[in-house]
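Structure record follows, encoded as structure tokens.
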Amino acid sequence: MPDPIRVITADDHPVVLMGLRSLVESDPGLALVGGFTDGAEAFACIRDQQPDVAVLDVNMPTMGGVSVLQSVRATNSSCRIILLAAHFSDDDIVAAVQFGARCIMPKDAVAGDLIKCIRTVAGGATCLPPNLLRPAMARVEERQRRHRWLEELLTAREYEIFALAATGLPNKVMAGQIGVTEGTIKLHLNNIYTKLEISSRGELVRLARSLET
């Protein structure tokens with residue numbers, strides 16, 4: 001008989017973690033090494049125990065799944081990472097690919113699909129669904145293109161003030177944060193409005209939000 005696939009699980013929700021634990025323990029071809037509700041503890045186990053596969057929630061205290069993935073890759077560990085989430089943001093998906101996740105899977109997936117995924121990644125393959133990857137990567141690339149346009153249009157100081165103004169900070173607070181006078185802030189804002197062909201703080205905020213969608 002081949003050695004069982006050694007697996008750790010991590011999720012900050014105890015009920016979900018219990019379900020993952022039961023799922024792994026129900027399969028004779030898998031061996032549960034540990035279960036954790038904290039990302040830092042999961043990373044310590046990966047570093048010390050070197051499991052074959054780690055199933056990690058994207059959102060956990062101390063270290064989320066993507067941060068654990070990044071840290072694992074920095075140690076050159078051979079552990080293969082599966083990321084779970086109720087919802088994956090575009091940035092989560094792109095980071096997962098960038099740092100070498102072997103699988104991303106929604107939490108509402110069928111239990112048998114997760115077992116299949118564990119076996120697949122343990123064998124050296126990946127389970128990265130194109131229907132998630134391609135749209136997310138396209139949206140991130142478009143957002144980056146918009147930010148490059150803005151950085152090329154504005155000076156470095158104007159870009160800094162644009163970003164601060166987009167959060168709704170008053171001029172006085174922005175001036176204090178970057179060490180200039182309120183008059184200087186107003187002057188930069190007028191230049192920003194002219195370059196962006198807008199006329200108010202409200203339009204600036206709406207434009208900033210559109211860059212993130």
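Just remember, in the structure tokens the first chain shown is A, the second B, etc., residues are 1-based per chain, and ligands are 1-based in the order shown.
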
Where does segment 47-155 of chain A meet segment 187-191 of chain A within 12 Å, residue by residue, with the nearest atom pair and distance in Å to one decimal for each, counting only C-alpha atoms, listed by chain and rising number, as CSV?
residue,atom,partner,partner_atom,distance
A:Leu153,CA,A:Asn191,CA,10.9
A:Leu154,CA,A:Asn191,CA,8.9
A:Thr155,CA,A:His188,CA,9.7

Can you spit out the residues from that selection as a JSON list (two decimals), in the first residue's frame, using N, CA, C and O atoms?
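Once everything was written out, this is again-v9.json:
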[["chain", "number", "residue", "atom", "x", "y", "z"],
["A", 153, "LEU", "N", -0.14, 60.70, -16.05],
["A", 153, "LEU", "CA", -0.79, 62.00, -16.23],
["A", 153, "LEU", "C", -0.45, 62.97, -15.10],
["A", 153, "LEU", "O", -0.26, 64.17, -15.33],
["A", 154, "LEU", "N", -0.36, 62.46, -13.87],
["A", 154, "LEU", "CA", -0.12, 63.30, -12.70],
["A", 154, "LEU", "C", 1.34, 63.22, -12.27],
["A", 154, "LEU", "O", 2.03, 62.23, -12.52],
["A", 155, "THR", "N", 1.78, 64.27, -11.58],
["A", 155, "THR", "CA", 3.09, 64.20, -10.94],
["A", 155, "THR", "C", 3.00, 63.26, -9.74],
["A", 155, "THR", "O", 1.90, 62.89, -9.30]]

Checklist line | alpha helix (DSSP H) per DSSP on the backbone: members of segment 34-198 of chain A, as a PyMOL selection string | finding: chain A and resi 39-49+65-74+90-98+111-122+130-153+156-166+171-178+182-196

Residues of segment 3-64 of chain A within 10 Å of segment 76-82 of chain A: nearest atom pair and distance (Å, one decimal) for each, counting only C-alpha atoms, sorted by chain and number, as a tab-separated table?
residue	atom	partner	partner_atom	distance
A:Arg6	CA	A:Cys79	CA	9.6
A:Val7	CA	A:Cys79	CA	9.2
A:Ile8	CA	A:Ile81	CA	9.8
A:Thr9	CA	A:Ile82	CA	9.5
A:Ile46	CA	A:Cys79	CA	7.2
A:Arg47	CA	A:Ser77	CA	7.3
A:Gln49	CA	A:Cys79	CA	9.8
A:Gln50	CA	A:Cys79	CA	6.3
A:Pro51	CA	A:Cys79	CA	5.9
A:Asp52	CA	A:Cys79	CA	4.9
A:Val53	CA	A:Arg80	CA	4.7
A:Ala54	CA	A:Ile81	CA	5.0
A:Val55	CA	A:Ile82	CA	4.7
A:Leu56	CA	A:Ile82	CA	6.1
A:Asp57	CA	A:Ile82	CA	8.6
A:Val58	CA	A:Ile82	CA	9.7

Next item on the list: Tell me, in Å to one decimal, how far atom CA of Ile185 of chain A is from atom CA of Glu152 of chain A.
Entry: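 Taking atom CA of Ile185 of chain A as the start and atom CA of Glu152 of chain A as the end point, the length is 19.8 Å.
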
Margin query: I'd like the contact shell of Met174 of chain A - 8 Å cut-off, only C-alpha atoms, skipping same-chain residues fewer than 3 positions apart - returned as a VMD selection string.
Written below: chain A and resid 161 164 to 165 169 to 171 177 to 178 185

Next item on the list: Apply DSSP to the structure's backbone, then extract all residues of segment 10-102 of chain A labelled strand (DSSP E or B) and return them as number ranges by chain.
Entry: A: 10, 30-36, 53-57, 80-85

Using the selection just defined, write its residues with N, CA and C atoms as a PDB file, in the first residue's frame.
ATOM      1  N   ALA A  10      -6.701  24.311   7.555  1.00  0.00           N
ATOM      2  CA  ALA A  10      -6.748  25.543   8.346  1.00  0.00           C
ATOM      3  C   ALA A  10      -7.933  26.388   7.907  1.00  0.00           C
ATOM      4  N   LEU A  30      -5.684   9.325   2.929  1.00  0.00           N
ATOM      5  CA  LEU A  30      -5.215  10.603   3.456  1.00  0.00           C
ATOM      6  C   LEU A  30      -4.910  10.472   4.946  1.00  0.00           C
ATOM      7  N   ALA A  31      -3.950  11.241   5.423  1.00  0.00           N
ATOM      8  CA  ALA A  31      -3.619  11.260   6.848  1.00  0.00           C
ATOM      9  C   ALA A  31      -3.601  12.704   7.324  1.00  0.00           C
ATOM     10  N   LEU A  32      -4.431  13.032   8.314  1.00  0.00           N
ATOM     11  CA  LEU A  32      -4.495  14.389   8.829  1.00  0.00           C
ATOM     12  C   LEU A  32      -3.322  14.647   9.769  1.00  0.00           C
ATOM     13  N   VAL A  33      -2.511  15.630   9.424  1.00  0.00           N
ATOM     14  CA  VAL A  33      -1.366  15.997  10.252  1.00  0.00           C
ATOM     15  C   VAL A  33      -1.771  16.998  11.320  1.00  0.00           C
ATOM     16  N   GLY A  34      -2.691  17.893  11.001  1.00  0.00           N
ATOM     17  CA  GLY A  34      -3.145  18.889  11.968  1.00  0.00           C
ATOM     18  C   GLY A  34      -4.220  19.768  11.391  1.00  0.00           C
ATOM     19  N   GLY A  35      -4.982  20.406  12.287  1.00  0.00           N
ATOM     20  CA  GLY A  35      -6.017  21.340  11.891  1.00  0.00           C
ATOM     21  C   GLY A  35      -5.880  22.615  12.708  1.00  0.00           C
ATOM     22  N   PHE A  36      -5.999  23.774  12.060  1.00  0.00           N
ATOM     23  CA  PHE A  36      -5.697  25.036  12.722  1.00  0.00           C
ATOM     24  C   PHE A  36      -6.724  26.102  12.373  1.00  0.00           C
ATOM     25  N   VAL A  53       0.221  18.188   1.458  1.00  0.00           N
ATOM     26  CA  VAL A  53      -0.793  19.139   0.987  1.00  0.00           C
ATOM     27  C   VAL A  53      -1.314  19.946   2.173  1.00  0.00           C
ATOM     28  N   ALA A  54      -1.551  21.237   1.951  1.00  0.00           N
ATOM     29  CA  ALA A  54      -2.195  22.085   2.951  1.00  0.00           C
ATOM     30  C   ALA A  54      -3.444  22.709   2.333  1.00  0.00           C
ATOM     31  N   VAL A  55      -4.564  22.572   3.031  1.00  0.00           N
ATOM     32  CA  VAL A  55      -5.829  23.159   2.593  1.00  0.00           C
ATOM     33  C   VAL A  55      -6.085  24.368   3.479  1.00  0.00           C
ATOM     34  N   LEU A  56      -6.014  25.571   2.911  1.00  0.00           N
ATOM     35  CA  LEU A  56      -5.990  26.800   3.697  1.00  0.00           C
ATOM     36  C   LEU A  56      -7.124  27.742   3.317  1.00  0.00           C
ATOM     37  N   ASP A  57      -7.789  28.275   4.341  1.00  0.00           N
ATOM     38  CA  ASP A  57      -8.770  29.330   4.132  1.00  0.00           C
ATOM     39  C   ASP A  57      -8.036  30.614   3.748  1.00  0.00           C
ATOM     40  N   ARG A  80       2.230  21.351  -1.146  1.00  0.00           N
ATOM     41  CA  ARG A  80       1.362  21.899  -2.195  1.00  0.00           C
ATOM     42  C   ARG A  80       0.133  22.519  -1.537  1.00  0.00           C
ATOM     43  N   ILE A  81      -0.204  23.722  -1.968  1.00  0.00           N
ATOM     44  CA  ILE A  81      -1.230  24.521  -1.294  1.00  0.00           C
ATOM     45  C   ILE A  81      -2.528  24.550  -2.088  1.00  0.00           C
ATOM     46  N   ILE A  82      -3.620  24.286  -1.362  1.00  0.00           N
ATOM     47  CA  ILE A  82      -4.976  24.466  -1.881  1.00  0.00           C
ATOM     48  C   ILE A  82      -5.609  25.603  -1.095  1.00  0.00           C
ATOM     49  N   LEU A  83      -6.168  26.591  -1.792  1.00  0.00           N
ATOM     50  CA  LEU A  83      -6.817  27.719  -1.139  1.00  0.00           C
ATOM     51  C   LEU A  83      -8.331  27.602  -1.241  1.00  0.00           C
ATOM     52  N   LEU A  84      -8.992  27.829  -0.098  1.00  0.00           N
ATOM     53  CA  LEU A  84     -10.444  27.820  -0.028  1.00  0.00           C
ATOM     54  C   LEU A  84     -10.947  29.207   0.342  1.00  0.00           C
ATOM     55  N   ALA A  85     -12.118  29.585  -0.160  1.00  0.00           N
ATOM     56  CA  ALA A  85     -12.729  30.854   0.228  1.00  0.00           C
ATOM     57  C   ALA A  85     -14.208  30.824  -0.098  1.00  0.00           C
TER      58      ALA A  85
END

Next item on the list: Fewer than 2 positions away in the same chain doesn't count, so skip those; otherwise give me all residues within 10 Å of segment 127-131 of chain A, counting only C-alpha atoms, as a PyMOL selection string.
Entry: chain A and resi 82+93+96-97+101-105+116-118+120-121+125+133-136

Note to self: Using Å and a single decimal, report how far atom CA of Ala95 of chain A sits from atom CA of Glu212 of chain A.
What the structure shows: 16.6 Å

Which residues of segment 75-145 of chain A come within 12 Å of segment 14-19 of chain A, and what is each one's closest atom pair and distance in Å (one decimal), counting only C-alpha atoms, sorted by chain and residue number, as CSV?
residue,atom,partner,partner_atom,distance
A:Leu84,CA,A:Val16,CA,10.8
A:Ala85,CA,A:Val16,CA,11.1
A:Ala86,CA,A:Val16,CA,11.1
A:Lys107,CA,A:Val16,CA,8.9
A:Asp108,CA,A:Val16,CA,10.8
A:Ala111,CA,A:Gly19,CA,9.4
A:Leu114,CA,A:Gly19,CA,11.8

Check: Any idea what the distance is between atom CA of Asp3 of chain A and atom CA of Gly64 of chain A?
Finding: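 Value for the atom CA of Asp3 of chain A-atom CA of Gly64 of chain A distance: 29.6 Å.
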
Item checked: Residue neighbourhood Arg201 of chain A, 10 Å, only C-alpha atoms, exclusion window fewer than 5 positions, as a PyMOL selection string -> chain A and resi 162+165-166+168+189+193+206-207

Would you save the residues from that selection as a compact mmCIF listing (two decimals), in the first residue's frame, using N, CA, C and O atoms?
# COMPACT_ATOMS: atom_id res chain seq x y z
N PHE A 162 -4.12 62.83 -4.87
CA PHE A 162 -5.31 62.18 -5.46
C PHE A 162 -5.74 60.99 -4.61
O PHE A 162 -6.92 60.84 -4.29
N ALA A 165 -7.12 62.23 -1.25
CA ALA A 165 -8.41 62.89 -1.42
C ALA A 165 -9.52 61.88 -1.70
O ALA A 165 -10.66 62.05 -1.27
N ALA A 166 -9.17 60.81 -2.40
CA ALA A 166 -10.16 59.78 -2.75
C ALA A 166 -10.70 59.07 -1.51
O ALA A 166 -11.78 58.50 -1.55
N GLY A 168 -11.50 60.65 1.17
CA GLY A 168 -12.38 61.59 1.85
C GLY A 168 -11.72 62.44 2.92
O GLY A 168 -12.41 63.15 3.65
N LEU A 189 -4.83 70.20 -5.90
CA LEU A 189 -6.15 69.70 -6.28
C LEU A 189 -6.66 70.39 -7.53
O LEU A 189 -7.25 69.75 -8.41
N TYR A 193 -7.71 68.50 -10.90
CA TYR A 193 -9.02 68.66 -11.54
C TYR A 193 -8.85 69.03 -13.02
O TYR A 193 -9.56 68.50 -13.89
N ARG A 206 -15.47 59.54 -7.31
CA ARG A 206 -16.11 58.61 -8.24
C ARG A 206 -15.11 58.05 -9.24
O ARG A 206 -15.14 56.87 -9.59
N LEU A 207 -14.20 58.90 -9.72
CA LEU A 207 -13.18 58.43 -10.65
C LEU A 207 -12.26 57.41 -9.97
O LEU A 207 -11.93 56.38 -10.56

Check: Excluding same-chain residues fewer than 5 positions from Gln98 of chain A, what lies within 12 Å of it counting only C-alpha atoms, as number ranges by chain?
Finding: A: 66-67, 69-70, 73, 91-93, 133, 137

Notebook entry, point to check: Using only C-alpha atoms, which residue out of A:Arg145, A:His13, A:Arg119, A:Arg139 lies closest to Asp27 of chain A?
Noted result: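 Nearest candidate to Asp27 of chain A out of A:Arg145, A:His13, A:Arg119, A:Arg139: A:Arg119.
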